[in-house]
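Quick notes on the structure that follows.
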Amino acid sequence: MSDQTTGVPQTVSRVPRAAATGEEAYLEVTDLQVQFPTADGLVRAVQGLSYSVPLRRTLAIVGESGSGKSVSSMAVLGLHDRRVARITGSIKVGGREVVNMSDKDLEGFRGGDAAMIFQDPQSSLHPYFTVGNQIIESYRAHNNVSKRVAKARAIDMLGRVGIPNPSRRVDQYPHEFSGGMRQRAMIAMALVNDPKLLIADEPTTALDVTVQAQILDLIADLQRDFGSAVVFITHDLGVVAEIADDILVMYAGTAVEHGPVNKILGEPLHPYAWGLLESIPALTGEPQPLHPIPGSPPSLLAVPSGCPFHPRCEFKDRVPDDWCTTLRPDLIPRTADLGRTSRCHLKDPDKVFETEVLPRLP
Amino acid sequence: MLLYILKRVLSAISVVIVTLVASFALFFFAPTDPAGVICGPRCTPERVADIEASLGLDQPKVEQIALYMKGIVVGREYSTGGVVRHCDAPCLGYSYTLGQPVTKLIGAALPVTVSIVLGGAVVYLIVGILSGTIAAQVRGTSLDRFVVGTTLVVQAIPYFVFALLIALYATFLPDSGYHPFLDNPLTWASGLLAAWLTIGVTNAASYTRYSRASMIEALGQDFVRTATSKGISRRRVVYRHGLRAGLTPVVTIFGIDLAFQLTGAIFTESIFNLPGLGLLTLRAFGQYDLPVLMGGVLIGSAVLVVMNLVVDIVYTFLDPRVRLG
């Protein structure tokens with residue numbers, strides 16, 4: 001696929017947009033802000049996040065815990081309690097605005113047009129209802145069919161996600177499933193209404209590695225069959241390489257780098273992404289000490305001024321006039337390649353990467 | 001499952017027997033003088049000895065216990081003043097002061113207590129769970145604070161003070177008194193209304209707090225978020241997914257509460273003049289009426305172990321992860 005088709009608009013208004021010449025975006029997030037007023041102050045969980053995902057493509061959102069990956073994705077499904085969360089900006093799914101959507105419309109939207117797979121299938125499935133019962137409930141919430149028809153559909157879905165003997169398994173409880181099977185059941189439940197948008201929130205984190213690979217394959221297969229747009233949240237760069245078309249790197253509630261997967265994993269332009277690559281252990285050759293990113297992620301109660309990454313950035317001296325500490329960089333193309341953007345003041349990040357970072361990588 | 005129940009029933013029976021023997025020893029070895037009480041203040045020693053003989057109190061204590069146990073299983077006979085009276089199994093002895101088999105006395109008092117307690121339970125379960133669930137949903141708002149504050153106030157009022165207040169001020173309620181349900185359900189209900197209200201309101205406070213805490217926890221669970229993400233209505237999320245999980249711990253508390261209430265709602269019964277188990281044992285206590293006291297203990301321990309068993313079995317239906325076997 002050429003770079004042009006992946007050049008999706010995801011910048012804030014002041015910045016010239018990269019032309020979207022590919023498929024039309026199914027999910028379009030524009031300048032999303034999610035804030036939680038707490039007794040300690042305002043938690044700015046997501047600040048000015050913009051991205052879009054067309055049908056049949058997978059966007060991986062990566063970042064540390066607390067970088068706003070899950071919070072922003074829950075906002076896409078309208079899952080935040082409105083009395084607790086302050087959400088501004090725009091989230092358009094299939095042309096419909098989700099921010100400020102009425103409760104009634106949200107009910108039809110969730111689980112129908114857009115569905116979500118959660119991290120831990122053990123706690124995300126209701127322990128007191130059978131797996132079939134939970135899938136049936138999901139199907140009947142959006143389709144006016146009898147219980148019998150819905151059950152047949154549930155059995156069909158369980159079969160499609162690779163659960164053996166689905167007509168017997170449908171009447172079992174989640175605790176009678178193994179971890180991998182439980183996640184398959186969760187996926188069956190999410191896909192029962194043929195959603196055009198699937199958000200997978202670290203769906204393989206709670207699973208062991210062999211099962212992880214199966215689940216990733218399953219999601220990729222189902223995406224091909226259903227033709228949906230997929231947002232895949234993870235902190236595992238190995239998973240990203242396997243499943244994603246595009247990557248959005250998040251830090252402190254905002255996107256710091258965005259672009260096609262091979263570009264971002266091959267030659268990232270943001271110091272935070274460099275740090276992520278450097279902290280992957282090498283599996284071949286002599287064991288080398290890891291290079292973790294110094295410091296720790298900032299508190300979302302007091303996000304650093306200027307570039308939120310500056311307290312941990314080893315390259316901030318290269319930028320003139322204290323820009324890093326005073327001026328928030330925009331998410332814009334930094335190189336001749338307009339299909340990828342990053343939020344950094346460095347003048348020639350591609351050269352810095354090539355000459356200084358690349359040699360250090362294992 | 002069946003084997004489990006059988007095992008539990010057997011162990012329950014042994015607990016009751018141990019309780020019986022222990023309380024028998026406590027009461028009958030105590031320096032009480034039932035014969036003297038029956039005989040009255042102006043009583044000859046011969047008359048006292050005669051009464052003791054008729055009650056079997058002149059026998060060795062161990063034999064008395066054996067006779068008592070035998071009475072429960074096959075029945076026994078008493079002779080008072082030359083008249084022999086047969087007491088059918090399960091015989092819990094004769095009341096010294098009322099001259100009636102304890103079984104009959106308890107048989108009359110038990111329906112009263114059960115009516116009071118179950119009716120009250122309906123009130124406090126409905127009020128408590130409903131207000132607790134609503135408070136959990138609006139946690140942190142002024143409505144929530146109002147509900148929690150009210151429960152604190154109600155809980156701070158001693159139970160008997162509350163019963164007295166209702167007896168004194170709620171005069172619009174029908175006169176209280178016990179009329180058997182089978183005679184006329186309407187008079188049965190109206191006679192118990194004041195007692196139900198007392199038990200209901202005082203217990204509703206704690207049940208509101210249990211349910212609120214339990215629901216807050218349940219609604220924060222991942223599976224509730226999953227349910228929301230399916231696109232079902234908020235009401236369905238709360239009352240089908242949340243309440244189902246939130247109620248399970250409340251059921252446990254309810255089972256034990258019910259057992260304790262059944263062993264005697266003494267204040268309620270005496271204030272509202274309802275001849276239940278509590279009143280029966282209280283009166284027996286003042287008159288050294290040991291067989292009646294023993295009967296009360298027996299019923300109490302039996303109810304307690306049975307309710308524990310019932311809670312365990314109900315739990316397996318509520319939570320499929322719990323499998324007995």
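Ligands are numbered from 1 in the order shown, residues from 1 within each chain, and chains are lettered A, B, ... in the order they appear in the structure tokens.
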For chain A, report every residue with an atom at most 9 Å from chain B (counting only C-alpha atoms), formatted as a compact mmCIF listing (two decimals) with C-alpha atoms, in the first residue's frame.
```
# COMPACT_ATOMS: atom_id res chain seq x y z
CA LEU A 77 -17.92 4.23 22.71
CA GLY A 78 -19.32 6.86 25.05
CA LEU A 79 -18.46 4.68 28.04
CA ASP A 103 -28.30 8.13 26.03
CA LYS A 104 -30.95 6.61 23.81
CA LEU A 106 -25.76 5.70 22.51
CA GLU A 107 -27.58 2.48 23.37
CA GLY A 108 -28.23 1.76 19.71
CA PHE A 109 -24.72 2.79 18.76
CA ARG A 110 -22.75 0.78 21.33
CA GLY A 111 -22.48 -2.85 20.48
CA GLY A 112 -24.16 -2.22 17.13
CA ALA A 114 -19.06 -0.08 17.33
CA ALA A 115 -18.02 -2.78 19.75
CA MET A 116 -15.21 -3.24 22.20
CA ILE A 117 -13.06 -6.15 23.37
CA PHE A 118 -11.65 -5.66 26.83
CA ASP A 120 -9.17 -9.22 30.91
CA PRO A 121 -11.89 -11.64 29.78
CA GLN A 122 -11.95 -13.11 33.27
CA SER A 123 -13.37 -9.98 34.80
CA SER A 124 -15.05 -8.59 31.69
CA LEU A 125 -17.55 -11.40 31.32
CA HIS A 126 -20.32 -11.60 33.88
CA PRO A 127 -19.55 -14.56 36.16
CA TYR A 128 -23.22 -15.36 36.88
CA PHE A 129 -24.53 -15.64 33.33
CA GLN A 134 -24.39 -12.85 27.37
CA GLU A 137 -28.34 -10.41 25.19
CA SER A 138 -25.95 -8.47 22.99
CA TYR A 139 -27.59 -9.73 19.80
CA ALA A 141 -30.27 -5.61 22.09
CA HIS A 142 -29.87 -4.72 18.42
CA TYR A 173 -20.33 -20.23 32.39
CA HIS A 175 -15.34 -19.87 34.61
CA GLU A 176 -15.67 -23.13 32.70
CA MET A 189 -19.85 -11.24 21.72
CA ALA A 190 -18.30 -8.06 20.35
```
Within 9 Å of range 268-285 of chain A, counting only C-alpha atoms, which residues show up once you throw out same-chain ones fewer than 5 positions away? Write them as a PyMOL selection string, please.
chain A and resi 63+237+249+251+256-257+263+290-294+309+312-315+334-335+341-344+346+348-350+352-353+357-358+360-362
DSSP helix (DSSP H, G or I) selection over range 153-306 of chain A, as a ChimeraX atom specification:
/A:153-160,166-169,174-176,179-191,209-226,237-243,261-266,271-278
Enter the distance from CA of Ala244 in chain A to CA of Ala220 in chain A, in Å, rounded to one decimal.
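So the two atoms, CA of Ala244 in chain A and CA of Ala220 in chain A, lie 9.3 Å apart.
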Using only C-alpha atoms, which protein or nucleic acid residues come within 7 Å of range 204-208 of chain B? Drop anything in the same chain fewer than 6 positions from it, and give the result as a list in words.
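The contact residues come out as Tyr124, Leu125, Val127, Gly128, Ile129, Ser131, Gly132, Thr151, Val154 and Gln155 of chain B.
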Residues from last step as file, C-alpha atoms, as a short mmCIF file (atom, residue, chain, number, x, y, z; two decimals), in the first residue's frame:
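The resulting file, out-v7.cif, is shown below:
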```cif
data_model
loop_
_atom_site.label_atom_id
_atom_site.label_comp_id
_atom_site.auth_asym_id
_atom_site.auth_seq_id
_atom_site.Cartn_x
_atom_site.Cartn_y
_atom_site.Cartn_z
CA TYR B 124 -36.75 -4.00 54.93
CA LEU B 125 -35.56 -5.96 51.92
CA VAL B 127 -36.93 -0.57 51.09
CA GLY B 128 -33.27 -1.33 51.86
CA ILE B 129 -32.23 -2.84 48.55
CA SER B 131 -32.80 2.75 48.29
CA GLY B 132 -29.31 1.25 48.50
CA THR B 151 -29.75 5.49 57.63
CA VAL B 154 -32.33 5.54 62.03
CA GLN B 155 -29.48 3.31 63.14
#
```
Can you measure CA of Asn308 in chain B to CA of Met1 in chain B for me? One decimal in Å is fine.
15.9 Å
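Interatomic distance, CA of Met307 in chain B to CA of Gly255 in chain B: 5.8 Å.
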Report as a PDB file with N, CA and C atoms, in the first residue's frame all protein, DNA and RNA residues lying within 8 Å of range 288-296 of chain B, evaluated on only C-alpha atoms, omitting residues in the same chain fewer than 6 positions from it.
```pdb
ATOM      1  N   LEU B  20     -27.990 -28.655  72.645  1.00  0.00           N
ATOM      2  CA  LEU B  20     -29.009 -29.101  73.593  1.00  0.00           C
ATOM      3  C   LEU B  20     -28.389 -29.600  74.886  1.00  0.00           C
ATOM      4  N   SER B  23     -26.824 -26.732  76.843  1.00  0.00           N
ATOM      5  CA  SER B  23     -27.758 -25.837  77.523  1.00  0.00           C
ATOM      6  C   SER B  23     -28.522 -26.579  78.615  1.00  0.00           C
ATOM      7  N   PHE B  24     -28.783 -27.874  78.391  1.00  0.00           N
ATOM      8  CA  PHE B  24     -29.421 -28.678  79.437  1.00  0.00           C
ATOM      9  C   PHE B  24     -28.562 -28.665  80.696  1.00  0.00           C
ATOM     10  N   PHE B  27     -28.639 -25.188  82.386  1.00  0.00           N
ATOM     11  CA  PHE B  27     -29.875 -24.848  83.095  1.00  0.00           C
ATOM     12  C   PHE B  27     -30.128 -25.763  84.281  1.00  0.00           C
ATOM     13  N   PHE B  28     -29.926 -27.076  84.069  1.00  0.00           N
ATOM     14  CA  PHE B  28     -30.344 -28.006  85.107  1.00  0.00           C
ATOM     15  C   PHE B  28     -29.337 -28.133  86.236  1.00  0.00           C
ATOM     16  N   THR B  32     -31.387 -23.671  90.554  1.00  0.00           N
ATOM     17  CA  THR B  32     -32.772 -23.223  90.412  1.00  0.00           C
ATOM     18  C   THR B  32     -33.660 -24.142  91.221  1.00  0.00           C
ATOM     19  N   ASP B  33     -34.861 -23.700  91.441  1.00  0.00           N
ATOM     20  CA  ASP B  33     -35.780 -24.476  92.269  1.00  0.00           C
ATOM     21  C   ASP B  33     -37.154 -24.464  91.615  1.00  0.00           C
ATOM     22  N   PRO B  34     -37.315 -25.189  90.512  1.00  0.00           N
ATOM     23  CA  PRO B  34     -38.587 -25.168  89.795  1.00  0.00           C
ATOM     24  C   PRO B  34     -39.743 -25.654  90.666  1.00  0.00           C
ATOM     25  N   VAL B  37     -41.011 -22.973  92.839  1.00  0.00           N
ATOM     26  CA  VAL B  37     -41.761 -21.962  92.107  1.00  0.00           C
ATOM     27  C   VAL B  37     -43.187 -22.436  91.833  1.00  0.00           C
ATOM     28  N   LEU B  92     -40.780 -32.189  74.233  1.00  0.00           N
ATOM     29  CA  LEU B  92     -39.762 -31.307  74.811  1.00  0.00           C
ATOM     30  C   LEU B  92     -40.046 -31.054  76.283  1.00  0.00           C
ATOM     31  N   GLY B  93     -40.878 -31.889  76.853  1.00  0.00           N
ATOM     32  CA  GLY B  93     -41.176 -31.758  78.261  1.00  0.00           C
ATOM     33  C   GLY B  93     -42.456 -30.982  78.508  1.00  0.00           C
ATOM     34  N   TYR B  94     -42.761 -30.852  79.785  1.00  0.00           N
ATOM     35  CA  TYR B  94     -43.957 -30.131  80.186  1.00  0.00           C
ATOM     36  C   TYR B  94     -43.563 -28.813  80.805  1.00  0.00           C
ATOM     37  N   SER B  95     -44.330 -27.797  80.483  1.00  0.00           N
ATOM     38  CA  SER B  95     -44.080 -26.520  81.138  1.00  0.00           C
ATOM     39  C   SER B  95     -44.469 -26.641  82.595  1.00  0.00           C
ATOM     40  N   TYR B  96     -43.547 -26.276  83.507  1.00  0.00           N
ATOM     41  CA  TYR B  96     -43.839 -26.371  84.930  1.00  0.00           C
ATOM     42  C   TYR B  96     -45.013 -25.482  85.295  1.00  0.00           C
ATOM     43  N   THR B  97     -45.012 -24.295  84.715  1.00  0.00           N
ATOM     44  CA  THR B  97     -45.968 -23.300  85.191  1.00  0.00           C
ATOM     45  C   THR B  97     -47.256 -23.283  84.382  1.00  0.00           C
ATOM     46  N   VAL B 102     -44.422 -28.509  76.056  1.00  0.00           N
ATOM     47  CA  VAL B 102     -43.646 -27.421  75.458  1.00  0.00           C
ATOM     48  C   VAL B 102     -43.859 -27.375  73.944  1.00  0.00           C
ATOM     49  N   THR B 103     -43.974 -28.579  73.348  1.00  0.00           N
ATOM     50  CA  THR B 103     -44.180 -28.641  71.901  1.00  0.00           C
ATOM     51  C   THR B 103     -45.399 -27.822  71.497  1.00  0.00           C
ATOM     52  N   ILE B 106     -44.697 -24.026  71.893  1.00  0.00           N
ATOM     53  CA  ILE B 106     -43.854 -23.523  70.806  1.00  0.00           C
ATOM     54  C   ILE B 106     -44.632 -23.526  69.495  1.00  0.00           C
ATOM     55  N   THR B 263     -35.219 -16.305  66.298  1.00  0.00           N
ATOM     56  CA  THR B 263     -35.061 -16.853  67.634  1.00  0.00           C
ATOM     57  C   THR B 263     -35.718 -15.972  68.687  1.00  0.00           C
ATOM     58  N   LEU B 277     -42.306 -16.408  70.146  1.00  0.00           N
ATOM     59  CA  LEU B 277     -41.257 -17.166  70.829  1.00  0.00           C
ATOM     60  C   LEU B 277     -40.502 -16.330  71.849  1.00  0.00           C
ATOM     61  N   LEU B 280     -42.496 -15.964  74.959  1.00  0.00           N
ATOM     62  CA  LEU B 280     -42.600 -17.265  75.622  1.00  0.00           C
ATOM     63  C   LEU B 280     -41.342 -17.562  76.437  1.00  0.00           C
ATOM     64  N   THR B 281     -40.166 -17.389  75.802  1.00  0.00           N
ATOM     65  CA  THR B 281     -38.924 -17.700  76.515  1.00  0.00           C
ATOM     66  C   THR B 281     -38.641 -16.673  77.594  1.00  0.00           C
TER      67      THR B 281
END
```
Applying 10 Å and only C-alpha atoms, which residues near Asp208 in chain A remain after dropping the ones on its own chain fewer than 4 positions away? List them as a PyMOL selection string.
chain A and resi 179-180+204+212-213
Using only C-alpha atoms, which protein or nucleic acid residues come within 9 Å of Leu55 in chain B? Drop anything in the same chain fewer than 3 positions from it, and give the result as number ranges by chain.
B: 35, 50-52, 58, 78-80, 94, 96
Given the choices A:Asp31, A:Asp40, A:Glu97, A:Asp156, which gets closest to Ser72 in chain A if the distance is worked out from only C-alpha atoms?
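Closest to Ser72 in chain A of all the choices is A:Asp31.
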Who sits within 12 Å of Asn100 in chain A, only C-alpha atoms, same chain under 5 positions skipped, as a list in words:
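The residues that qualify are Ala75, Val76, Leu77, Gly78, Leu79, His80, Asp81, Arg82, Ala85, Arg86, Ile87, Thr88, Gly89, Ser90, Ile91, Lys92, Asp105 and Leu106 of chain A.
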Pick from B:Thr150, B:Val112, B:Leu197, B:Asp144: nearest to Ala170 in chain B, with only C-alpha atoms counted?
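Using only C-alpha atoms, Ala170 in chain B sits closest to B:Leu197.
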Write out as a PyMOL selection string all residues of range 100-309 of chain A that DSSP puts in strand (DSSP E or B) for this structure's backbone.
chain A and resi 110+114-117+197-201+229-234+246-251+254-260
